[in-house]
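Asks: Provided herewith is a single structure, encoded as structure tokens, for subsequent inquiry.
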Amino acid sequence: MDTAVERAAAAVRRARHVVVFTGAGVSAESGIPTFRDALTGLWARFDAAQLATPQAFAADPELVWGWYEWRRRRALAAVPNAGHLALAHLATRVPKLTLITQNVDDLHERAGSRDVLHLHGRLHRPRCSACGLAYSDWSDLPAGADLPQVRLPPPSCATCGGVVRPGVVWFGEPLPERELGDAYAAAGNAEVLISVGTSGLVYPAARIPQHAHAAGATVIEVNPEPSGIAADLVLTGKAGAVLPALVDAACAL
Ligand code: NAD
């Protein structure tokens, strides 16, 4: 049967290097809201300019830190879904897989994926806004972080006393150089790129599928509402259903 899933699986099976590029949609079925979905998206309910910019943090650090701690609590309470698990499994079955994510929730790691390239930072890796020291084991959640608008003072850096800030990339900030470079290099080298749950609207990350396509990769999009990125194959549906089907078909003998 020559369905789109079968054709995508055949391309994955042939590939020596598969790149997977994920956005907020891969975590939607874990209960983490996307940014842009009209009814449930985070930015439909909160004003980005007040919460996700360096200016916002400078103006009201307690509001911004409290909001990110609330998001971090929600991410910790969530569990990886069948889509995250299928991608972790696929990495064990292909010669090389590079997983690039725009997500900050660490659900790929919790599903078992390794060496994930995080383009937009991580909720669980805050860092000092003065000396840059990154806190890699940030597990304490303050009481009272259950509400989106709880005000919490950001902690002080153990080394220099500076203000610790959320470990994410805010609007107007550059993406981490090493991760972005590695992501472009992988996209330029892959035979297949699978784009999952991203609207393709946030740049420069959104250029990665275009870059892979221009370099000759087969681009496969997984999305219930395809985004219009340059895709050779579109698998219309939710990540939690489509990815297990694709990975099963790709791994079948
Ligand atoms: P986005 O909100 O712009 O787009 C989400 C996309 O996911 C849409 O195209 C939507 O149709 C699709 N989608 C919704 N449910 C899906 C499902 N079950 N399966 C597959 N696809 C589904 O998100 P984006 O493109 O990632 O870009 C915006 C920014 O969102 C990124 O910068 C990212 O850092 C940030 N973000 C991350 C998280 C997270 O860590 N989970 C959550 C919200 C936003």
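Note on naming: chains are A, B, ... as they come in the structure tokens, residues start from 1 per chain, ligands start from 1 in the order shown.
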Can I get the residues close to ligand 1 as a short mmCIF file (atom, residue, chain, number, x, y, z; two decimals) with N, CA, C and O atoms, in the first residue's frame, where close means within 7 Å and we count only C-alpha atoms and all ligand atoms?

Replies:
data_model
loop_
_atom_site.label_atom_id
_atom_site.label_comp_id
_atom_site.auth_asym_id
_atom_site.auth_seq_id
_atom_site.Cartn_x
_atom_site.Cartn_y
_atom_site.Cartn_z
N THR A 22 11.67 19.57 15.81
CA THR A 22 10.38 19.60 16.50
C THR A 22 10.05 20.99 17.04
O THR A 22 10.92 21.78 17.37
N GLY A 23 8.73 21.22 17.14
CA GLY A 23 8.21 22.44 17.74
C GLY A 23 7.18 22.09 18.79
O GLY A 23 6.98 20.91 19.14
N ALA A 24 6.50 23.11 19.26
CA ALA A 24 5.60 22.97 20.40
C ALA A 24 4.55 21.88 20.20
O ALA A 24 4.11 21.25 21.17
N GLY A 25 4.15 21.61 18.93
CA GLY A 25 3.10 20.63 18.68
C GLY A 25 3.44 19.23 19.14
O GLY A 25 2.54 18.46 19.49
N VAL A 26 4.73 18.87 19.18
CA VAL A 26 5.06 17.50 19.60
C VAL A 26 4.74 17.30 21.09
O VAL A 26 4.54 16.17 21.54
N SER A 27 4.67 18.39 21.84
CA SER A 27 4.36 18.28 23.27
C SER A 27 2.90 18.59 23.59
O SER A 27 2.49 18.50 24.75
N ALA A 28 2.12 18.94 22.56
CA ALA A 28 0.72 19.32 22.81
C ALA A 28 -0.06 18.18 23.47
O ALA A 28 -0.85 18.39 24.40
N GLU A 29 0.20 16.93 23.00
CA GLU A 29 -0.54 15.80 23.57
C GLU A 29 -0.02 15.40 24.95
O GLU A 29 -0.60 14.53 25.60
N ILE A 32 1.10 20.30 27.18
CA ILE A 32 1.83 21.57 27.23
C ILE A 32 1.33 22.44 26.07
O ILE A 32 1.42 22.04 24.92
N PRO A 33 0.79 23.62 26.41
CA PRO A 33 0.21 24.42 25.33
C PRO A 33 1.24 24.88 24.31
O PRO A 33 2.40 25.14 24.65
N THR A 34 0.83 24.97 23.05
CA THR A 34 1.70 25.53 22.01
C THR A 34 1.68 27.06 22.15
O THR A 34 0.92 27.61 22.95
N PHE A 35 2.49 27.70 21.34
CA PHE A 35 2.48 29.17 21.38
C PHE A 35 1.33 29.76 20.60
O PHE A 35 0.73 30.72 20.99
N ARG A 36 1.06 29.18 19.44
CA ARG A 36 0.18 29.91 18.52
C ARG A 36 -1.19 29.32 18.31
O ARG A 36 -2.02 29.95 17.66
N ASP A 37 -1.46 28.16 18.83
CA ASP A 37 -2.79 27.59 18.61
C ASP A 37 -3.83 28.54 19.21
O ASP A 37 -3.74 28.93 20.37
N GLY A 41 -3.18 28.29 22.94
CA GLY A 41 -1.79 28.74 22.87
C GLY A 41 -1.42 29.73 23.96
O GLY A 41 -2.22 30.59 24.36
N LEU A 42 -0.16 29.61 24.39
CA LEU A 42 0.31 30.48 25.48
C LEU A 42 0.19 31.95 25.12
O LEU A 42 -0.15 32.78 25.95
N GLN A 102 12.83 23.13 19.17
CA GLN A 102 12.59 24.51 19.61
C GLN A 102 11.96 24.50 21.00
O GLN A 102 11.69 25.55 21.56
N ASN A 103 11.70 23.31 21.52
CA ASN A 103 10.98 23.22 22.79
C ASN A 103 11.93 23.36 23.98
O ASN A 103 13.10 23.02 23.90
N VAL A 104 11.36 23.83 25.06
CA VAL A 104 12.16 24.12 26.25
C VAL A 104 11.80 23.19 27.40
O VAL A 104 12.25 23.37 28.53
N ASP A 105 10.98 22.15 27.12
CA ASP A 105 10.38 21.35 28.19
C ASP A 105 11.16 20.10 28.58
O ASP A 105 10.83 19.43 29.56
N HIS A 120 16.15 26.92 21.51
CA HIS A 120 15.54 28.01 22.28
C HIS A 120 15.75 27.86 23.77
O HIS A 120 14.99 28.42 24.57
N VAL A 196 8.18 18.25 12.85
CA VAL A 196 7.02 17.82 13.64
C VAL A 196 6.48 18.97 14.49
O VAL A 196 7.22 19.55 15.31
N GLY A 197 5.21 19.30 14.30
CA GLY A 197 4.54 20.21 15.23
C GLY A 197 5.13 21.59 15.32
O GLY A 197 5.23 22.15 16.40
N THR A 198 5.52 22.14 14.18
CA THR A 198 6.01 23.52 14.22
C THR A 198 5.30 24.34 13.16
O THR A 198 5.02 23.84 12.06
N SER A 199 4.99 25.57 13.50
CA SER A 199 4.26 26.42 12.57
C SER A 199 5.19 27.03 11.54
O SER A 199 4.73 27.64 10.57
N GLY A 200 6.51 26.91 11.76
CA GLY A 200 7.46 27.45 10.79
C GLY A 200 7.46 28.96 10.74
O GLY A 200 7.83 29.56 9.74
N LEU A 201 7.07 29.58 11.84
CA LEU A 201 6.97 31.05 11.82
C LEU A 201 8.06 31.73 12.63
O LEU A 201 8.24 32.94 12.53
N VAL A 202 8.76 30.98 13.48
CA VAL A 202 9.76 31.60 14.35
C VAL A 202 11.15 31.44 13.71
O VAL A 202 11.65 30.34 13.56
N VAL A 222 4.93 16.54 9.79
CA VAL A 222 3.90 15.91 10.61
C VAL A 222 3.18 17.01 11.37
O VAL A 222 3.78 17.69 12.22
N ASN A 223 1.90 17.20 11.05
CA ASN A 223 1.18 18.31 11.68
C ASN A 223 -0.31 18.11 11.38
O ASN A 223 -0.66 17.78 10.24
N PRO A 224 -1.19 18.33 12.37
CA PRO A 224 -2.63 18.21 12.06
C PRO A 224 -3.10 19.33 11.14
O PRO A 224 -4.10 19.19 10.45
N GLU A 225 -2.36 20.45 11.17
CA GLU A 225 -2.69 21.56 10.26
C GLU A 225 -1.42 21.98 9.56
O GLU A 225 -0.71 22.87 10.05
N PRO A 226 -1.10 21.33 8.45
CA PRO A 226 0.19 21.56 7.81
C PRO A 226 0.49 23.04 7.63
O PRO A 226 -0.39 23.84 7.32
N SER A 227 1.77 23.37 7.84
CA SER A 227 2.15 24.77 8.02
C SER A 227 2.48 25.49 6.73
O SER A 227 2.62 26.69 6.72
N GLY A 237 -1.83 14.88 10.76
CA GLY A 237 -2.32 14.22 11.96
C GLY A 237 -1.47 14.60 13.14
O GLY A 237 -0.50 15.36 13.02
N LYS A 238 -1.86 14.08 14.29
CA LYS A 238 -1.16 14.42 15.53
C LYS A 238 0.12 13.61 15.67
O LYS A 238 0.15 12.43 15.29
N ALA A 239 1.11 14.24 16.26
CA ALA A 239 2.41 13.58 16.41
C ALA A 239 2.28 12.25 17.15
O ALA A 239 2.95 11.27 16.80
N GLY A 240 1.41 12.21 18.17
CA GLY A 240 1.29 11.01 19.00
C GLY A 240 0.72 9.82 18.25
O GLY A 240 0.88 8.66 18.67
#

Asks: DSSP on the backbone, then: every residue of stretch 174-220 of chain A marked helix (DSSP H, G or I), written as a list in words.

Replies: Glu177, Arg178, Glu179, Leu180, Gly181, Asp182, Ala183, Tyr184, Ala185, Ala186, Ala187, Gly188, Asn189, Arg207, Ile208, Pro209, Gln210, His211, Ala212, His213 and Ala214 of chain A

Asks: Running DSSP on the backbone, which parts of stretch 108-206 of chain A land in strand (DSSP E or B), as a list in words?

Replies: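 Across stretch 108-206 of chain A, those assigned strand (DSSP E or B) are Leu117, His118, Gly121, Arg127, Cys128, Ala134, Ser156, Val163, Val164, Arg165, Val168, Val192, Leu193, Ile194, Ser195 and Val196 of chain A.
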
Asks: Can you pull out every residue within 12 Å of A:Ala214, counting only C-alpha atoms, but drop anything in the same chain fewer than 2 positions away, and send it as a PyMOL selection string?

Replies: chain A and resi 184+187-193+207-212+216-219+230-232

Asks: From the options A:Val242, A:His108, A:Ala77, A:Pro126, which residue's atoms come nearest to A:Ala91, counting only C-alpha atoms?

Replies: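 Of A:Val242, A:His108, A:Ala77, A:Pro126, the one nearest A:Ala91 is A:His108, counting only C-alpha atoms.
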
Asks: Excluding A:Cys251 and residues on its chain fewer than 3 positions from it, collect all residues at most 7 Å away from it, counting only C-alpha atoms, and give them as a PDB file with N, CA and C atoms, in the first residue's frame.

Replies:
ATOM      1  N   ARG A  93      17.452   2.968  15.668  1.00  0.00           N
ATOM      2  CA  ARG A  93      17.251   2.100  14.496  1.00  0.00           C
ATOM      3  C   ARG A  93      17.803   2.649  13.193  1.00  0.00           C
ATOM      4  N   VAL A 247       7.379   5.400  12.444  1.00  0.00           N
ATOM      5  CA  VAL A 247       8.561   4.687  12.948  1.00  0.00           C
ATOM      6  C   VAL A 247       8.360   3.180  12.831  1.00  0.00           C
ATOM      7  N   ASP A 248       7.154   2.708  13.133  1.00  0.00           N
ATOM      8  CA  ASP A 248       6.877   1.264  12.962  1.00  0.00           C
ATOM      9  C   ASP A 248       7.104   0.856  11.517  1.00  0.00           C
TER      10      ASP A 248
END

Asks: Counting only C-alpha atoms, what is within 10 Å of A:Cys131, bar same-chain residues fewer than 3 positions away, as a PDB file with N, CA, C and O atoms, in the first residue's frame?

Replies:
ATOM      1  N   ARG A 127      20.293  30.467  34.108  1.00  0.00           N
ATOM      2  CA  ARG A 127      21.699  30.894  34.183  1.00  0.00           C
ATOM      3  C   ARG A 127      21.781  32.298  34.762  1.00  0.00           C
ATOM      4  O   ARG A 127      20.794  33.066  34.745  1.00  0.00           O
ATOM      5  N   CYS A 128      22.976  32.630  35.244  1.00  0.00           N
ATOM      6  CA  CYS A 128      23.180  33.947  35.852  1.00  0.00           C
ATOM      7  C   CYS A 128      23.187  35.003  34.748  1.00  0.00           C
ATOM      8  O   CYS A 128      23.881  34.861  33.740  1.00  0.00           O
ATOM      9  N   ALA A 134      25.747  28.665  34.159  1.00  0.00           N
ATOM     10  CA  ALA A 134      24.515  27.918  33.908  1.00  0.00           C
ATOM     11  C   ALA A 134      24.312  26.907  35.034  1.00  0.00           C
ATOM     12  O   ALA A 134      25.263  26.259  35.480  1.00  0.00           O
ATOM     13  N   CYS A 157      22.857  34.327  42.013  1.00  0.00           N
ATOM     14  CA  CYS A 157      23.904  33.409  41.567  1.00  0.00           C
ATOM     15  C   CYS A 157      24.811  33.045  42.741  1.00  0.00           C
ATOM     16  O   CYS A 157      25.258  33.927  43.493  1.00  0.00           O
ATOM     17  N   THR A 159      27.764  32.114  42.632  1.00  0.00           N
ATOM     18  CA  THR A 159      29.155  32.528  42.410  1.00  0.00           C
ATOM     19  C   THR A 159      29.340  34.039  42.528  1.00  0.00           C
ATOM     20  O   THR A 159      30.213  34.511  43.247  1.00  0.00           O
ATOM     21  N   CYS A 160      28.512  34.791  41.806  1.00  0.00           N
ATOM     22  CA  CYS A 160      28.773  36.242  41.757  1.00  0.00           C
ATOM     23  C   CYS A 160      27.665  37.077  42.392  1.00  0.00           C
ATOM     24  O   CYS A 160      27.785  38.288  42.488  1.00  0.00           O
ATOM     25  N   GLY A 161      26.569  36.445  42.785  1.00  0.00           N
ATOM     26  CA  GLY A 161      25.477  37.199  43.403  1.00  0.00           C
ATOM     27  C   GLY A 161      24.556  37.865  42.395  1.00  0.00           C
ATOM     28  O   GLY A 161      23.602  38.544  42.775  1.00  0.00           O
ATOM     29  N   GLY A 162      24.825  37.683  41.088  1.00  0.00           N
ATOM     30  CA  GLY A 162      23.963  38.275  40.052  1.00  0.00           C
ATOM     31  C   GLY A 162      22.575  37.646  40.040  1.00  0.00           C
ATOM     32  O   GLY A 162      22.319  36.650  40.727  1.00  0.00           O
ATOM     33  N   VAL A 163      21.711  38.219  39.254  1.00  0.00           N
ATOM     34  CA  VAL A 163      20.336  37.717  39.176  1.00  0.00           C
ATOM     35  C   VAL A 163      20.294  36.508  38.234  1.00  0.00           C
ATOM     36  O   VAL A 163      20.769  36.574  37.107  1.00  0.00           O
ATOM     37  N   VAL A 164      19.709  35.413  38.708  1.00  0.00           N
ATOM     38  CA  VAL A 164      19.541  34.233  37.856  1.00  0.00           C
ATOM     39  C   VAL A 164      18.300  34.445  36.983  1.00  0.00           C
ATOM     40  O   VAL A 164      17.260  34.885  37.467  1.00  0.00           O
TER      41      VAL A 164
END

Asks: What's the separation between atom CA of A:Asp146 and atom CA of A:Gly83, in Å to one decimal place?

Replies: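 About the pair atom CA of A:Asp146 and atom CA of A:Gly83: they are 26.7 Å apart.
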
Asks: Which of these, A:Ala250, A:Gly228, A:Trp65, A:Val94, has the shortest distance to A:Pro155 once you count only C-alpha atoms?

Replies: A:Trp65

Asks: Restricting the calculation to only C-alpha atoms, which member of A:Val168, A:Val20, A:Val79, A:Ala11 is positioned closest to A:Leu51?

Replies: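 Smallest distance to A:Leu51 is found for A:Val168.
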
Asks: Tell me, in Å to one decimal, how far atom CA of A:Gly172 is from atom CA of A:Ala49.

Replies: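 According to the coordinates, atom CA of A:Gly172 and atom CA of A:Ala49 are separated by 10.3 Å.
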
Asks: Hey, can you check how far atom CA of A:Gly132 sits from atom CA of A:Ala111?

Replies: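 Interatomic distance here is 28.5 Å.
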
Asks: With only C-alpha atoms as the atoms that count, which of A:Leu175, A:Ala186, A:Leu85, A:Ala9 lies nearest to A:Ala205?

Replies: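 Of A:Leu175, A:Ala186, A:Leu85, A:Ala9, the one nearest A:Ala205, counting only C-alpha atoms, is A:Leu175.
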
Asks: Compile the contact shell of A:Ile100 as a PDB file with all heavy atoms, in the first residue's frame: residues with an atom at most 9 Å away, counting only C-alpha atoms, same-chain residues fewer than 2 positions apart removed.

Replies:
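Final file, around.pdb:
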ATOM      1  N   VAL A  19      17.347  13.900  10.144  1.00  0.00           N
ATOM      2  CA  VAL A  19      17.214  15.008  11.091  1.00  0.00           C
ATOM      3  C   VAL A  19      15.746  15.125  11.468  1.00  0.00           C
ATOM      4  O   VAL A  19      14.865  15.030  10.607  1.00  0.00           O
ATOM      5  CB  VAL A  19      17.722  16.326  10.473  1.00  0.00           C
ATOM      6  CG1 VAL A  19      17.281  17.521  11.296  1.00  0.00           C
ATOM      7  CG2 VAL A  19      19.248  16.312  10.379  1.00  0.00           C
ATOM      8  N   VAL A  20      15.492  15.298  12.761  1.00  0.00           N
ATOM      9  CA  VAL A  20      14.127  15.553  13.220  1.00  0.00           C
ATOM     10  C   VAL A  20      14.120  16.954  13.825  1.00  0.00           C
ATOM     11  O   VAL A  20      15.005  17.303  14.609  1.00  0.00           O
ATOM     12  CB  VAL A  20      13.688  14.513  14.273  1.00  0.00           C
ATOM     13  CG1 VAL A  20      12.258  14.803  14.713  1.00  0.00           C
ATOM     14  CG2 VAL A  20      13.801  13.097  13.708  1.00  0.00           C
ATOM     15  N   PHE A  21      13.144  17.731  13.424  1.00  0.00           N
ATOM     16  CA  PHE A  21      13.059  19.130  13.846  1.00  0.00           C
ATOM     17  C   PHE A  21      11.696  19.306  14.513  1.00  0.00           C
ATOM     18  O   PHE A  21      10.663  19.151  13.854  1.00  0.00           O
ATOM     19  CB  PHE A  21      13.188  20.011  12.600  1.00  0.00           C
ATOM     20  CG  PHE A  21      13.025  21.484  12.837  1.00  0.00           C
ATOM     21  CD1 PHE A  21      13.917  22.178  13.641  1.00  0.00           C
ATOM     22  CD2 PHE A  21      11.992  22.190  12.229  1.00  0.00           C
ATOM     23  CE1 PHE A  21      13.782  23.546  13.840  1.00  0.00           C
ATOM     24  CE2 PHE A  21      11.856  23.560  12.417  1.00  0.00           C
ATOM     25  CZ  PHE A  21      12.750  24.230  13.227  1.00  0.00           C
ATOM     26  N   THR A  22      11.674  19.566  15.812  1.00  0.00           N
ATOM     27  CA  THR A  22      10.377  19.598  16.500  1.00  0.00           C
ATOM     28  C   THR A  22      10.046  20.987  17.039  1.00  0.00           C
ATOM     29  O   THR A  22      10.919  21.782  17.372  1.00  0.00           O
ATOM     30  CB  THR A  22      10.311  18.599  17.668  1.00  0.00           C
ATOM     31  OG1 THR A  22      11.223  18.988  18.712  1.00  0.00           O
ATOM     32  CG2 THR A  22      10.614  17.184  17.234  1.00  0.00           C
ATOM     33  N   THR A  98      19.813  13.174  14.147  1.00  0.00           N
ATOM     34  CA  THR A  98      20.042  14.412  14.899  1.00  0.00           C
ATOM     35  C   THR A  98      18.685  14.994  15.244  1.00  0.00           C
ATOM     36  O   THR A  98      17.869  15.241  14.350  1.00  0.00           O
ATOM     37  CB  THR A  98      20.829  15.433  14.045  1.00  0.00           C
ATOM     38  OG1 THR A  98      22.037  14.827  13.591  1.00  0.00           O
ATOM     39  CG2 THR A  98      21.157  16.675  14.868  1.00  0.00           C
ATOM     40  N   GLN A 102      12.825  23.126  19.170  1.00  0.00           N
ATOM     41  CA  GLN A 102      12.591  24.508  19.607  1.00  0.00           C
ATOM     42  C   GLN A 102      11.964  24.499  21.000  1.00  0.00           C
ATOM     43  O   GLN A 102      11.690  25.547  21.561  1.00  0.00           O
ATOM     44  CB  GLN A 102      11.639  25.195  18.634  1.00  0.00           C
ATOM     45  CG  GLN A 102      12.157  25.270  17.219  1.00  0.00           C
ATOM     46  CD  GLN A 102      11.041  25.633  16.244  1.00  0.00           C
ATOM     47  OE1 GLN A 102      10.755  26.796  16.012  1.00  0.00           O
ATOM     48  NE2 GLN A 102      10.383  24.626  15.688  1.00  0.00           N
ATOM     49  N   VAL A 116      20.258  16.134  22.318  1.00  0.00           N
ATOM     50  CA  VAL A 116      19.264  16.973  21.641  1.00  0.00           C
ATOM     51  C   VAL A 116      19.834  18.382  21.478  1.00  0.00           C
ATOM     52  O   VAL A 116      20.438  18.924  22.409  1.00  0.00           O
ATOM     53  CB  VAL A 116      17.968  17.028  22.490  1.00  0.00           C
ATOM     54  CG1 VAL A 116      16.902  17.868  21.797  1.00  0.00           C
ATOM     55  CG2 VAL A 116      17.451  15.618  22.775  1.00  0.00           C
ATOM     56  N   LEU A 117      19.653  18.954  20.281  1.00  0.00           N
ATOM     57  CA  LEU A 117      20.081  20.342  20.065  1.00  0.00           C
ATOM     58  C   LEU A 117      18.917  21.263  20.432  1.00  0.00           C
ATOM     59  O   LEU A 117      17.854  21.226  19.796  1.00  0.00           O
ATOM     60  CB  LEU A 117      20.476  20.554  18.603  1.00  0.00           C
ATOM     61  CG  LEU A 117      21.712  19.795  18.133  1.00  0.00           C
ATOM     62  CD1 LEU A 117      21.906  19.966  16.616  1.00  0.00           C
ATOM     63  CD2 LEU A 117      22.956  20.278  18.877  1.00  0.00           C
ATOM     64  N   HIS A 118      19.132  22.067  21.451  1.00  0.00           N
ATOM     65  CA  HIS A 118      18.069  22.970  21.930  1.00  0.00           C
ATOM     66  C   HIS A 118      18.287  24.361  21.359  1.00  0.00           C
ATOM     67  O   HIS A 118      19.203  25.062  21.783  1.00  0.00           O
ATOM     68  CB  HIS A 118      18.102  23.042  23.461  1.00  0.00           C
ATOM     69  CG  HIS A 118      17.586  21.816  24.122  1.00  0.00           C
ATOM     70  ND1 HIS A 118      16.260  21.660  24.464  1.00  0.00           N
ATOM     71  CD2 HIS A 118      18.208  20.674  24.490  1.00  0.00           C
ATOM     72  CE1 HIS A 118      16.085  20.466  25.018  1.00  0.00           C
ATOM     73  NE2 HIS A 118      17.246  19.845  25.047  1.00  0.00           N
ATOM     74  N   LEU A 119      17.431  24.743  20.426  1.00  0.00           N
ATOM     75  CA  LEU A 119      17.633  26.058  19.798  1.00  0.00           C
ATOM     76  C   LEU A 119      17.115  27.207  20.653  1.00  0.00           C
ATOM     77  O   LEU A 119      17.574  28.336  20.508  1.00  0.00           O
ATOM     78  CB  LEU A 119      16.942  26.103  18.432  1.00  0.00           C
ATOM     79  CG  LEU A 119      17.494  25.152  17.375  1.00  0.00           C
ATOM     80  CD1 LEU A 119      16.762  25.355  16.064  1.00  0.00           C
ATOM     81  CD2 LEU A 119      18.998  25.354  17.182  1.00  0.00           C
ATOM     82  N   GLU A 179      24.634  25.431  18.979  1.00  0.00           N
ATOM     83  CA  GLU A 179      23.474  24.605  18.616  1.00  0.00           C
ATOM     84  C   GLU A 179      22.976  24.960  17.212  1.00  0.00           C
ATOM     85  O   GLU A 179      22.660  24.079  16.409  1.00  0.00           O
ATOM     86  CB  GLU A 179      22.327  24.798  19.617  1.00  0.00           C
ATOM     87  CG  GLU A 179      22.497  24.061  20.924  1.00  0.00           C
ATOM     88  CD  GLU A 179      23.372  24.807  21.921  1.00  0.00           C
ATOM     89  OE1 GLU A 179      23.975  25.851  21.559  1.00  0.00           O
ATOM     90  OE2 GLU A 179      23.473  24.332  23.070  1.00  0.00           O
ATOM     91  N   ALA A 183      22.918  22.539  14.072  1.00  0.00           N
ATOM     92  CA  ALA A 183      21.619  22.242  13.460  1.00  0.00           C
ATOM     93  C   ALA A 183      21.682  22.471  11.951  1.00  0.00           C
ATOM     94  O   ALA A 183      21.206  21.636  11.163  1.00  0.00           O
ATOM     95  CB  ALA A 183      20.529  23.107  14.086  1.00  0.00           C
TER      96      ALA A 183
END

Asks: For A:Thr3, please output as a PyMOL selection string all residues within 12 Å (counting only C-alpha atoms; exclusion window: fewer than 5 positions along the same chain).

Replies: chain A and resi 8-10+233-236+245-246+249

Asks: Go ahead and write the residues just picked, N, CA and C atoms, as an mmCIF file, in the first residue's frame.

Replies:
data_model
loop_
_atom_site.group_PDB
_atom_site.id
_atom_site.type_symbol
_atom_site.label_atom_id
_atom_site.label_comp_id
_atom_site.auth_asym_id
_atom_site.auth_seq_id
_atom_site.Cartn_x
_atom_site.Cartn_y
_atom_site.Cartn_z
ATOM 1 N N ALA A 8 6.994 7.919 3.248
ATOM 2 C CA ALA A 8 7.886 8.579 4.208
ATOM 3 C C ALA A 8 8.775 7.540 4.883
ATOM 4 N N ALA A 9 8.176 6.402 5.236
ATOM 5 C CA ALA A 9 8.949 5.342 5.902
ATOM 6 C C ALA A 9 10.046 4.823 4.984
ATOM 7 N N ALA A 10 9.734 4.715 3.700
ATOM 8 C CA ALA A 10 10.748 4.222 2.750
ATOM 9 C C ALA A 10 11.915 5.204 2.683
ATOM 10 N N LEU A 233 6.563 15.463 1.585
ATOM 11 C CA LEU A 233 5.491 14.573 2.031
ATOM 12 C C LEU A 233 4.851 15.182 3.271
ATOM 13 N N VAL A 234 3.535 15.244 3.283
ATOM 14 C CA VAL A 234 2.834 15.804 4.433
ATOM 15 C C VAL A 234 2.019 14.692 5.082
ATOM 16 N N LEU A 235 2.291 14.434 6.358
ATOM 17 C CA LEU A 235 1.525 13.439 7.106
ATOM 18 C C LEU A 235 0.611 14.224 8.033
ATOM 19 N N THR A 236 -0.646 14.329 7.634
ATOM 20 C CA THR A 236 -1.576 15.178 8.371
ATOM 21 C C THR A 236 -2.125 14.408 9.563
ATOM 22 N N ALA A 245 3.314 5.403 13.923
ATOM 23 C CA ALA A 245 3.010 4.683 12.669
ATOM 24 C C ALA A 245 4.186 4.788 11.702
ATOM 25 N N LEU A 246 4.758 5.988 11.608
ATOM 26 C CA LEU A 246 5.891 6.187 10.699
ATOM 27 C C LEU A 246 7.102 5.367 11.146
ATOM 28 N N ALA A 249 6.568 1.664 10.590
ATOM 29 C CA ALA A 249 6.697 1.312 9.164
ATOM 30 C C ALA A 249 8.155 1.389 8.723
#

Asks: Calculated over only C-alpha atoms, which of the candidates A:Leu99, A:Thr53, A:Leu243, A:Leu76 has the smallest distance to A:Pro174?

Replies: A:Thr53

Asks: In terms of the shortest atom-to-atom distance over only C-alpha atoms, which of A:Arg16, A:Arg165, A:Arg45, A:Lys96 is closest to A:Gly121?

Replies: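 Counting only C-alpha atoms, the residue closest to A:Gly121 is A:Arg165.
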